[in-house]
>>> print(open('structure25.tsv').read())   # TSV, C-alpha atoms
chain	number	residue	atom	x	y	z
A	20	MET	CA	49.98	19.17	35.03
A	21	SER	CA	50.07	18.40	38.73
A	22	LYS	CA	52.98	19.91	40.65
A	23	PHE	CA	53.23	16.59	42.46
A	24	PHE	CA	55.38	15.32	39.60
A	25	ARG	CA	58.97	16.36	39.21
A	26	PHE	CA	59.21	15.43	35.52
A	27	ASN	CA	56.56	16.27	32.91
A	28	ARG	CA	58.17	14.61	29.88
A	29	VAL	CA	60.66	11.77	30.09
A	30	LEU	CA	62.65	9.46	27.84
A	31	LEU	CA	62.56	5.91	29.17
A	32	LYS	CA	65.52	3.80	28.05
A	33	LEU	CA	64.65	0.09	28.13
A	34	SER	CA	66.95	-2.81	27.45
A	35	GLY	CA	65.82	-5.53	25.08
A	36	GLU	CA	66.17	-7.92	28.00
A	37	ALA	CA	63.23	-6.19	29.70
A	38	LEU	CA	60.98	-7.73	27.05
A	39	LYS	CA	62.07	-11.36	27.41
A	40	GLY	CA	61.15	-11.96	31.03
A	41	GLU	CA	62.44	-15.35	32.14
A	42	ARG	CA	62.99	-16.55	28.59
A	43	SER	CA	66.50	-16.91	27.20
A	44	HIS	CA	65.62	-14.68	24.24
A	45	GLY	CA	62.69	-13.24	22.33
A	46	TYR	CA	59.52	-11.98	23.99
A	47	ASP	CA	57.46	-12.79	27.05
A	48	ALA	CA	53.85	-11.61	27.09
A	49	GLU	CA	53.91	-10.92	30.82
A	50	ALA	CA	57.09	-8.88	30.53
A	51	LEU	CA	55.52	-6.74	27.82
A	52	ARG	CA	52.40	-6.23	29.95
A	53	SER	CA	54.60	-5.23	32.90
A	54	VAL	CA	56.28	-2.52	30.83
A	55	VAL	CA	52.89	-1.21	29.70
A	56	GLU	CA	51.45	-1.13	33.23
A	57	GLN	CA	54.50	0.67	34.64
A	58	VAL	CA	54.22	3.32	31.93
A	59	ARG	CA	50.46	3.61	32.48
A	60	THR	CA	51.04	4.65	36.11
A	61	VAL	CA	52.58	7.90	34.90
A	62	THR	CA	50.75	8.54	31.62
A	63	ASP	CA	47.45	8.35	33.50
A	64	GLU	CA	48.69	11.37	35.47
A	65	GLY	CA	49.56	13.33	32.33
A	66	VAL	CA	53.28	12.60	32.14
A	67	GLU	CA	54.50	12.38	28.54
A	68	VAL	CA	56.64	9.32	27.82
A	69	ALA	CA	58.98	8.52	24.95
A	70	ILE	CA	60.84	5.21	24.81
A	71	VAL	CA	64.07	3.95	23.27
A	72	VAL	CA	64.45	0.19	23.42
A	73	GLY	CA	67.58	-1.90	22.92
A	74	ALA	CA	67.88	-5.21	21.11
A	75	GLY	CA	69.69	-7.51	23.53
A	76	ASN	CA	66.84	-10.02	23.59
A	77	LEU	CA	67.30	-10.56	19.84
A	78	TRP	CA	70.75	-9.46	18.75
A	79	ARG	CA	73.98	-7.88	19.93
A	80	GLY	CA	76.62	-6.53	17.60
A	81	VAL	CA	79.35	-8.59	19.28
A	82	MET	CA	77.50	-11.76	18.24
A	83	GLY	CA	78.75	-11.35	14.69
A	84	GLY	CA	82.38	-10.89	15.68
A	85	PRO	CA	83.42	-14.56	16.06
A	86	ASP	CA	82.05	-15.28	12.56
A	87	GLY	CA	84.01	-12.43	11.02
A	88	MET	CA	80.98	-10.23	10.39
A	89	ASP	CA	81.73	-6.62	9.57
A	90	SER	CA	80.94	-4.44	12.60
A	91	VAL	CA	78.89	-2.00	10.54
A	92	SER	CA	76.67	-4.80	9.24
A	93	ALA	CA	76.33	-6.16	12.79
A	94	ASP	CA	75.21	-2.74	14.03
A	95	TYR	CA	72.64	-2.44	11.26
A	96	MET	CA	71.26	-5.84	12.24
A	97	GLY	CA	70.91	-4.48	15.76
A	98	MET	CA	68.93	-1.51	14.42
A	99	LEU	CA	66.54	-3.92	12.71
A	100	ALA	CA	66.14	-5.79	16.00
A	101	THR	CA	65.24	-2.58	17.84
A	102	ALA	CA	62.49	-2.01	15.27
A	103	MET	CA	61.06	-5.46	16.01
A	104	ASN	CA	61.08	-4.63	19.73
A	105	ALA	CA	59.47	-1.24	19.13
A	106	ILE	CA	56.64	-2.81	17.13
A	107	ALA	CA	56.11	-5.46	19.83
A	108	LEU	CA	55.87	-2.70	22.44
A	109	LYS	CA	53.46	-0.68	20.31
A	110	GLU	CA	51.17	-3.69	19.98
A	111	ALA	CA	51.29	-4.26	23.74
A	112	PHE	CA	50.35	-0.62	24.41
A	113	SER	CA	47.57	-0.72	21.83
A	114	ALA	CA	46.14	-3.91	23.34
A	115	ALA	CA	45.98	-2.08	26.69
A	116	GLY	CA	44.15	0.88	25.16
A	117	ILE	CA	47.17	3.21	25.27
A	118	PRO	CA	47.85	5.03	21.99
A	119	ALA	CA	51.43	4.56	20.80
A	120	LEU	CA	53.51	5.61	17.81
A	121	VAL	CA	56.69	4.00	16.46
A	122	GLN	CA	59.22	6.13	14.61
A	123	SER	CA	62.44	4.83	13.11
A	124	ALA	CA	65.79	6.52	12.58
A	125	ILE	CA	66.06	4.67	9.26
A	126	GLY	CA	63.37	4.27	6.64
A	127	MET	CA	61.17	1.24	7.36
A	128	GLU	CA	57.90	2.12	5.69
A	129	PRO	CA	55.29	0.69	5.97
A	130	LEU	CA	56.44	-0.92	9.23
A	131	ALA	CA	57.39	2.36	10.89
A	132	PRO	CA	57.51	5.96	9.65
A	133	ARG	CA	60.83	7.73	9.70
A	134	TYR	CA	61.58	9.90	12.73
A	135	ASP	CA	60.01	13.33	12.47
A	136	ARG	CA	60.54	15.72	15.37
A	137	ASP	CA	57.42	17.81	14.78
A	138	ARG	CA	55.21	14.73	14.57
A	139	THR	CA	56.84	13.33	17.70
A	140	LEU	CA	56.19	16.50	19.71
A	141	LYS	CA	52.56	16.62	18.62
A	142	ALA	CA	52.12	12.93	19.51
A	143	LEU	CA	53.61	13.42	22.98
A	144	GLU	CA	51.48	16.48	23.62
A	145	SER	CA	48.37	14.49	22.63
A	146	GLY	CA	49.15	11.75	25.16
A	147	GLN	CA	50.63	9.14	22.85
A	148	VAL	CA	53.61	7.05	23.92
A	149	VAL	CA	56.30	7.46	21.26
A	150	ILE	CA	58.72	4.56	20.70
A	151	PHE	CA	61.94	5.28	18.83
A	152	ALA	CA	63.48	2.47	16.78
A	153	GLY	CA	66.70	2.17	14.81
A	154	GLY	CA	69.06	3.72	17.32
A	155	THR	CA	70.66	6.88	15.92
A	156	GLY	CA	70.49	5.45	12.41
A	157	SER	CA	74.29	5.20	12.27
A	158	PRO	CA	76.66	2.39	13.29
A	159	PHE	CA	79.05	2.71	16.24
A	160	PHE	CA	76.48	4.46	18.43
A	161	THR	CA	74.63	2.63	21.18
A	162	THR	CA	70.94	2.87	21.99
A	163	ASP	CA	71.99	4.75	25.14
A	164	THR	CA	73.35	7.51	22.93
A	165	ALA	CA	70.19	7.33	20.81
A	166	ALA	CA	68.11	7.76	23.96
A	167	VAL	CA	69.98	10.91	24.98
A	168	LEU	CA	69.83	12.31	21.44
A	169	ARG	CA	66.06	11.83	21.19
A	170	ALA	CA	65.54	13.18	24.72
A	171	LEU	CA	67.38	16.37	23.80
A	172	GLU	CA	65.55	16.73	20.49
A	173	THR	CA	62.14	16.34	22.14
A	174	ASN	CA	62.82	18.57	25.17
A	175	CYS	CA	62.56	15.81	27.76
A	176	ASP	CA	63.18	16.66	31.40
A	177	ALA	CA	65.30	13.56	32.02
A	178	VAL	CA	66.52	10.24	30.68
A	179	LEU	CA	65.32	7.36	32.84
A	180	LYS	CA	67.62	4.35	32.43
A	181	ALA	CA	65.84	1.13	33.43
A	182	THR	CA	68.24	-1.54	34.72
A	183	LYS	CA	68.38	-4.67	36.87
A	184	VAL	CA	69.81	-2.79	39.87
A	185	ASP	CA	68.50	0.08	41.98
A	186	GLY	CA	71.01	2.67	40.83
A	187	VAL	CA	74.66	3.18	39.98
A	188	TYR	CA	77.28	1.26	41.96
A	189	SER	CA	81.04	1.61	42.27
A	190	ALA	CA	81.35	-1.94	40.92
A	191	ASP	CA	79.06	-4.72	39.75
A	192	PRO	CA	76.93	-5.45	42.86
A	193	PHE	CA	76.25	-8.98	41.59
A	194	LYS	CA	79.98	-9.73	41.66
A	195	ASP	CA	81.32	-7.44	44.38
A	196	PRO	CA	79.47	-7.42	47.73
A	197	ALA	CA	81.47	-4.34	48.74
A	198	ALA	CA	80.14	-2.30	45.82
A	199	ARG	CA	78.89	1.10	46.97
A	200	ARG	CA	75.62	2.57	45.70
A	201	PHE	CA	75.57	6.24	44.75
A	202	GLU	CA	72.47	8.32	45.48
A	203	GLN	CA	73.81	11.17	43.34
A	204	LEU	CA	76.71	11.35	40.92
A	205	GLY	CA	78.26	13.97	38.68
A	206	PHE	CA	78.75	13.34	34.97
A	207	ASP	CA	82.51	13.91	35.16
A	208	GLU	CA	82.85	11.44	38.01
A	209	ALA	CA	80.78	8.85	36.14
A	210	ILE	CA	83.03	9.26	33.11
A	211	GLU	CA	86.27	9.22	35.12
A	212	ARG	CA	85.21	6.09	37.01
A	213	ARG	CA	84.29	4.44	33.69
A	214	LEU	CA	80.98	3.33	35.14
A	215	LYS	CA	79.36	1.11	32.53
A	216	VAL	CA	75.72	1.91	33.19
A	217	MET	CA	75.81	4.14	30.07
A	218	ASP	CA	78.49	4.76	27.47
A	219	THR	CA	80.78	7.79	27.53
A	220	ALA	CA	79.15	9.44	24.52
A	221	ALA	CA	75.75	9.37	26.25
A	222	PHE	CA	77.16	10.76	29.50
A	223	SER	CA	79.00	13.51	27.61
A	224	LEU	CA	75.91	14.58	25.68
A	225	CYS	CA	73.90	14.81	28.88
A	226	ARG	CA	76.66	16.74	30.63
A	227	ASP	CA	77.04	19.22	27.78
A	228	HIS	CA	73.29	19.91	27.70
A	229	ASP	CA	72.55	19.64	31.43
A	230	LEU	CA	70.16	16.70	30.98
A	231	PRO	CA	69.86	14.51	34.12
A	232	ILE	CA	69.87	10.72	34.02
A	233	VAL	CA	68.09	8.60	36.63
A	234	VAL	CA	69.22	4.99	36.83
A	235	PHE	CA	66.72	2.70	38.56
A	236	ARG	CA	65.50	-0.89	38.85
A	237	PHE	CA	62.54	-1.21	36.54
A	238	SER	CA	61.24	-4.48	38.00
A	239	ASP	CA	60.38	-2.89	41.37
A	240	ASP	CA	56.67	-2.23	41.83
A	241	GLY	CA	55.90	1.41	41.16
A	242	ALA	CA	59.54	2.19	40.36
A	243	LEU	CA	58.86	4.36	37.33
A	244	ARG	CA	56.23	6.42	39.14
A	245	ARG	CA	58.56	6.94	42.10
A	246	VAL	CA	61.32	8.17	39.80
A	247	VAL	CA	58.99	10.55	37.96
A	248	GLU	CA	57.73	11.89	41.28
A	249	GLY	CA	61.29	12.69	42.32
A	250	ASP	CA	61.71	10.03	45.03
A	251	SER	CA	65.43	10.24	45.83
A	252	GLY	CA	65.49	6.65	47.04
A	253	ALA	CA	64.20	5.21	43.78
A	254	GLY	CA	67.50	5.36	41.91
A	255	THR	CA	70.72	7.23	41.28
A	256	VAL	CA	70.58	10.71	39.77
A	257	VAL	CA	73.48	11.56	37.48
A	258	SER	CA	73.61	15.29	36.82
>>> encode(input="structure25.tsv", output="structure tokens")
Amino acid sequence: MSKFFRFNRVLLKLSGEALKGERSHGYDAEALRSVVEQVRTVTDEGVEVAIVVGAGNLWRGVMGGPDGMDSVSADYMGMLATAMNAIALKEAFSAAGIPALVQSAIGMEPLAPRYDRDRTLKALESGQVVIFAGGTGSPFFTTDTAAVLRALETNCDAVLKATKVDGVYSADPFKDPAARRFEQLGFDEAIERRLKVMDTAAFSLCRDHDLPIVVFRFSDDGALRRVVEGDSGAGTVVS
């Protein structure tokens, strides 16, 4: 592994929205290709990549609230949606000649084998991209928390949170022109400020296990490679 890279193994947290492009929902072929090409820029250099993907392009738990849906059922529907996104990503990687494996936190055979840590580690070491579906497998936990959990289980060097903005801000930069961007941030400060880039459970897990988070804008050309290389201007490091 080249010393040029700061991180050797990373967990990339993608939102479901990253897969829909300009569409209002669902999938966009160009958006899927963009994800694949960004990941290729680092896997070609030997960086091992695992992915947790959300479901916002298909379903959000709050969508069932107005109709009186039980929150547990709504969360399970979200887990199913993450599996659909994981399979779509796997197909996009395969079409580009990049080996990929989907594993699910809940049993979904034959669509996706259940999560197995040993199999995951062997797949990463062999150069496969591993895509985790089903969140944590339990309701009331977000895919952000699932990302941190899987990153810790698979000995990742960092969680890379892909967003629409180039880091963490003191307020929503789309709504507040005075919002201040942080280059670095401590976990306790992120929790105290109630910054919504990740949920409190995810921040706390990272803090307790000294796992850094890098928040960056995924749509920027070469953004993922810059983050992996340790470019301090590519995003905000929470540690």
>>> closest_atom_pairs(input="structure25.tsv", of="stretch 61-101 of chain A", to="stretch 48-55 of chain A", cutoff="12 Å", atoms="all atoms listed in the file", output="Markdown table")
| residue | atom | partner | partner_atom | distance |
| --- | --- | --- | --- | --- |
| A:Val61 | CA | A:Val55 | CA | 10.5 |
| A:Thr62 | CA | A:Val55 | CA | 10.2 |
| A:Asp63 | CA | A:Val55 | CA | 11.6 |
| A:Val68 | CA | A:Val55 | CA | 11.3 |
| A:Ile70 | CA | A:Val54 | CA | 10.8 |
| A:Val72 | CA | A:Val54 | CA | 11.4 |
>>> closest_residue(input="structure25.tsv", among="A:Gly45, A:Pro132, A:Pro231, A:Gly154", to="A:Ala107", atoms="all atoms listed in the file")
A:Gly45
>>> atom_distance(input="structure25.tsv", atom1="atom CA of A:Val246", atom2="atom CA of A:Ala69")
15.0 Å
>>> atom_distance(input="structure25.tsv", atom1="atom CA of A:Val66", atom2="atom CA of A:Asn27")
5.0 Å
>>> atom_distance(input="structure25.tsv", atom1="atom CA of A:Val247", atom2="atom CA of A:Leu31")
10.6 Å
>>> closest_residue(input="structure25.tsv", among="A:Met127, A:Val58, A:Ala181, A:Val257", to="A:Gly146", atoms="all atoms listed in the file")
A:Val58
>>> residues_around(input="structure25.tsv", residues="A:Arg133", least_positions_apart="3", cutoff="6 Å", atoms="all atoms listed in the file", output="JSON, numbers by chain")
{"A": [122, 123, 124, 126]}
>>> residues_around(input="structure25.tsv", residues="A:Glu36", least_positions_apart="5", cutoff="12 Å", atoms="all atoms listed in the file", output="list in words")
Glu41, Arg42, Ser43, His44, Gly45, Tyr46, Asp47, Ala50, Leu51, Val54, Val72, Gly73, Ala74, Gly75, Asn76, Leu77, Trp78, Arg79, Thr101, Asn104, Ala181, Thr182, Lys183, Phe237 and Ser238 of chain A
>>> closest_residue(input="structure25.tsv", among="A:Ala198, A:Val91, A:Cys225, A:Ser34", to="A:Thr164", atoms="all atoms listed in the file")
A:Cys225
>>> residues_around(input="structure25.tsv", residues="A:Gly156", least_positions_apart="5", cutoff="10 Å", atoms="all atoms listed in the file", output="PyMOL selection string")
chain A and resi 94-95+98+123-126+134+162+165
>>> closest_residue(input="structure25.tsv", among="A:Asp191, A:Ile232, A:Leu120, A:Lys39", to="A:Val178", atoms="only C-alpha atoms")
A:Ile232
>>> closest_residue(input="structure25.tsv", among="A:Ala190, A:Ala119, A:Leu243, A:Leu171", to="A:Ile150", atoms="only C-alpha atoms")
A:Ala119
>>> residues_around(input="structure25.tsv", residues="A:Val233", least_positions_apart="3", cutoff="8 Å", atoms="only C-alpha atoms", output="PDB file with C-alpha atoms, in the coordinates of the input")
ATOM      1  CA  ALA A 177      65.300  13.560  32.020  1.00  0.00           C
ATOM      2  CA  VAL A 178      66.520  10.240  30.680  1.00  0.00           C
ATOM      3  CA  LEU A 179      65.320   7.360  32.840  1.00  0.00           C
ATOM      4  CA  LYS A 180      67.620   4.350  32.430  1.00  0.00           C
ATOM      5  CA  GLY A 186      71.010   2.670  40.830  1.00  0.00           C
ATOM      6  CA  VAL A 246      61.320   8.170  39.800  1.00  0.00           C
ATOM      7  CA  GLY A 254      67.500   5.360  41.910  1.00  0.00           C
ATOM      8  CA  THR A 255      70.720   7.230  41.280  1.00  0.00           C
ATOM      9  CA  VAL A 256      70.580  10.710  39.770  1.00  0.00           C
ATOM     10  CA  VAL A 257      73.480  11.560  37.480  1.00  0.00           C
TER      11      VAL A 257
END
>>> closest_residue(input="structure25.tsv", among="A:Gly35, A:Pro118, A:Pro158, A:Pro129", to="A:Ser92", atoms="all atoms listed in the file")
A:Pro158
>>> build_atoms(input="structure25.tsv", residues="stretch 52-63 of chain A", atoms="all heavy atoms", output="PDB file, in the frame of the given file")
ATOM      1  N   ARG A  52      53.502  -6.830  29.181  1.00  0.00           N
ATOM      2  CA  ARG A  52      52.400  -6.230  29.950  1.00  0.00           C
ATOM      3  C   ARG A  52      52.937  -5.440  31.135  1.00  0.00           C
ATOM      4  O   ARG A  52      52.398  -4.385  31.490  1.00  0.00           O
ATOM      5  CB  ARG A  52      51.435  -7.320  30.427  1.00  0.00           C
ATOM      6  CG  ARG A  52      50.463  -7.790  29.353  1.00  0.00           C
ATOM      7  CD  ARG A  52      49.346  -8.624  29.955  1.00  0.00           C
ATOM      8  NE  ARG A  52      49.833  -9.904  30.459  1.00  0.00           N
ATOM      9  CZ  ARG A  52      49.886 -11.020  29.736  1.00  0.00           C
ATOM     10  NH1 ARG A  52      49.468 -11.020  28.477  1.00  0.00           N
ATOM     11  NH2 ARG A  52      50.331 -12.138  30.260  1.00  0.00           N
ATOM     12  N   SER A  53      54.009  -5.932  31.760  1.00  0.00           N
ATOM     13  CA  SER A  53      54.600  -5.230  32.900  1.00  0.00           C
ATOM     14  C   SER A  53      55.131  -3.862  32.487  1.00  0.00           C
ATOM     15  O   SER A  53      54.949  -2.870  33.203  1.00  0.00           O
ATOM     16  CB  SER A  53      55.728  -6.069  33.510  1.00  0.00           C
ATOM     17  OG  SER A  53      56.358  -5.374  34.560  1.00  0.00           O
ATOM     18  N   VAL A  54      55.788  -3.799  31.330  1.00  0.00           N
ATOM     19  CA  VAL A  54      56.280  -2.520  30.830  1.00  0.00           C
ATOM     20  C   VAL A  54      55.111  -1.554  30.631  1.00  0.00           C
ATOM     21  O   VAL A  54      55.143  -0.395  31.061  1.00  0.00           O
ATOM     22  CB  VAL A  54      57.044  -2.704  29.506  1.00  0.00           C
ATOM     23  CG1 VAL A  54      57.344  -1.340  28.872  1.00  0.00           C
ATOM     24  CG2 VAL A  54      58.337  -3.473  29.730  1.00  0.00           C
ATOM     25  N   VAL A  55      54.063  -2.048  29.984  1.00  0.00           N
ATOM     26  CA  VAL A  55      52.890  -1.210  29.700  1.00  0.00           C
ATOM     27  C   VAL A  55      52.270  -0.691  30.994  1.00  0.00           C
ATOM     28  O   VAL A  55      51.937   0.507  31.101  1.00  0.00           O
ATOM     29  CB  VAL A  55      51.853  -2.002  28.886  1.00  0.00           C
ATOM     30  CG1 VAL A  55      50.531  -1.241  28.806  1.00  0.00           C
ATOM     31  CG2 VAL A  55      52.393  -2.281  27.488  1.00  0.00           C
ATOM     32  N   GLU A  56      52.104  -1.548  31.990  1.00  0.00           N
ATOM     33  CA  GLU A  56      51.450  -1.130  33.230  1.00  0.00           C
ATOM     34  C   GLU A  56      52.307  -0.135  34.013  1.00  0.00           C
ATOM     35  O   GLU A  56      51.783   0.777  34.649  1.00  0.00           O
ATOM     36  CB  GLU A  56      51.106  -2.351  34.086  1.00  0.00           C
ATOM     37  CG  GLU A  56      49.994  -3.199  33.490  1.00  0.00           C
ATOM     38  CD  GLU A  56      48.762  -2.369  33.103  1.00  0.00           C
ATOM     39  OE1 GLU A  56      48.299  -1.553  33.932  1.00  0.00           O
ATOM     40  OE2 GLU A  56      48.291  -2.515  31.967  1.00  0.00           O
ATOM     41  N   GLN A  57      53.633  -0.311  33.982  1.00  0.00           N
ATOM     42  CA  GLN A  57      54.500   0.670  34.640  1.00  0.00           C
ATOM     43  C   GLN A  57      54.349   2.043  33.973  1.00  0.00           C
ATOM     44  O   GLN A  57      54.234   3.077  34.638  1.00  0.00           O
ATOM     45  CB  GLN A  57      55.966   0.228  34.556  1.00  0.00           C
ATOM     46  CG  GLN A  57      56.341  -0.849  35.546  1.00  0.00           C
ATOM     47  CD  GLN A  57      57.122  -0.287  36.736  1.00  0.00           C
ATOM     48  OE1 GLN A  57      56.901   0.852  37.166  1.00  0.00           O
ATOM     49  NE2 GLN A  57      58.015  -1.089  37.274  1.00  0.00           N
ATOM     50  N   VAL A  58      54.348   2.052  32.643  1.00  0.00           N
ATOM     51  CA  VAL A  58      54.220   3.320  31.930  1.00  0.00           C
ATOM     52  C   VAL A  58      52.847   3.933  32.175  1.00  0.00           C
ATOM     53  O   VAL A  58      52.713   5.154  32.338  1.00  0.00           O
ATOM     54  CB  VAL A  58      54.477   3.116  30.421  1.00  0.00           C
ATOM     55  CG1 VAL A  58      54.159   4.386  29.638  1.00  0.00           C
ATOM     56  CG2 VAL A  58      55.929   2.692  30.186  1.00  0.00           C
ATOM     57  N   ARG A  59      51.815   3.097  32.250  1.00  0.00           N
ATOM     58  CA  ARG A  59      50.460   3.610  32.480  1.00  0.00           C
ATOM     59  C   ARG A  59      50.362   4.383  33.795  1.00  0.00           C
ATOM     60  O   ARG A  59      49.599   5.349  33.894  1.00  0.00           O
ATOM     61  CB  ARG A  59      49.453   2.453  32.491  1.00  0.00           C
ATOM     62  CG  ARG A  59      47.995   2.934  32.520  1.00  0.00           C
ATOM     63  CD  ARG A  59      47.079   1.830  33.010  1.00  0.00           C
ATOM     64  NE  ARG A  59      46.973   0.716  32.111  1.00  0.00           N
ATOM     65  CZ  ARG A  59      46.148   0.650  31.055  1.00  0.00           C
ATOM     66  NH1 ARG A  59      45.361   1.671  30.772  1.00  0.00           N
ATOM     67  NH2 ARG A  59      46.112  -0.422  30.298  1.00  0.00           N
ATOM     68  N   THR A  60      51.129   3.981  34.804  1.00  0.00           N
ATOM     69  CA  THR A  60      51.040   4.650  36.110  1.00  0.00           C
ATOM     70  C   THR A  60      51.407   6.118  36.025  1.00  0.00           C
ATOM     71  O   THR A  60      50.984   6.919  36.856  1.00  0.00           O
ATOM     72  CB  THR A  60      51.934   3.978  37.161  1.00  0.00           C
ATOM     73  OG1 THR A  60      53.310   4.091  36.782  1.00  0.00           O
ATOM     74  CG2 THR A  60      51.572   2.513  37.360  1.00  0.00           C
ATOM     75  N   VAL A  61      52.212   6.488  35.018  1.00  0.00           N
ATOM     76  CA  VAL A  61      52.580   7.900  34.900  1.00  0.00           C
ATOM     77  C   VAL A  61      51.817   8.597  33.771  1.00  0.00           C
ATOM     78  O   VAL A  61      51.496   9.786  33.882  1.00  0.00           O
ATOM     79  CB  VAL A  61      54.105   8.085  34.713  1.00  0.00           C
ATOM     80  CG1 VAL A  61      54.833   7.594  35.950  1.00  0.00           C
ATOM     81  CG2 VAL A  61      54.616   7.379  33.472  1.00  0.00           C
ATOM     82  N   THR A  62      51.515   7.890  32.686  1.00  0.00           N
ATOM     83  CA  THR A  62      50.750   8.540  31.620  1.00  0.00           C
ATOM     84  C   THR A  62      49.335   8.867  32.072  1.00  0.00           C
ATOM     85  O   THR A  62      48.749   9.855  31.619  1.00  0.00           O
ATOM     86  CB  THR A  62      50.705   7.674  30.349  1.00  0.00           C
ATOM     87  OG1 THR A  62      50.142   6.396  30.655  1.00  0.00           O
ATOM     88  CG2 THR A  62      52.104   7.499  29.758  1.00  0.00           C
ATOM     89  N   ASP A  63      48.783   8.056  32.970  1.00  0.00           N
ATOM     90  CA  ASP A  63      47.450   8.350  33.500  1.00  0.00           C
ATOM     91  C   ASP A  63      47.423   9.666  34.267  1.00  0.00           C
ATOM     92  O   ASP A  63      46.360  10.265  34.457  1.00  0.00           O
ATOM     93  CB  ASP A  63      46.971   7.214  34.423  1.00  0.00           C
ATOM     94  CG  ASP A  63      46.409   6.032  33.645  1.00  0.00           C
ATOM     95  OD1 ASP A  63      46.279   6.137  32.408  1.00  0.00           O
ATOM     96  OD2 ASP A  63      46.096   5.003  34.277  1.00  0.00           O
TER      97      ASP A  63
END
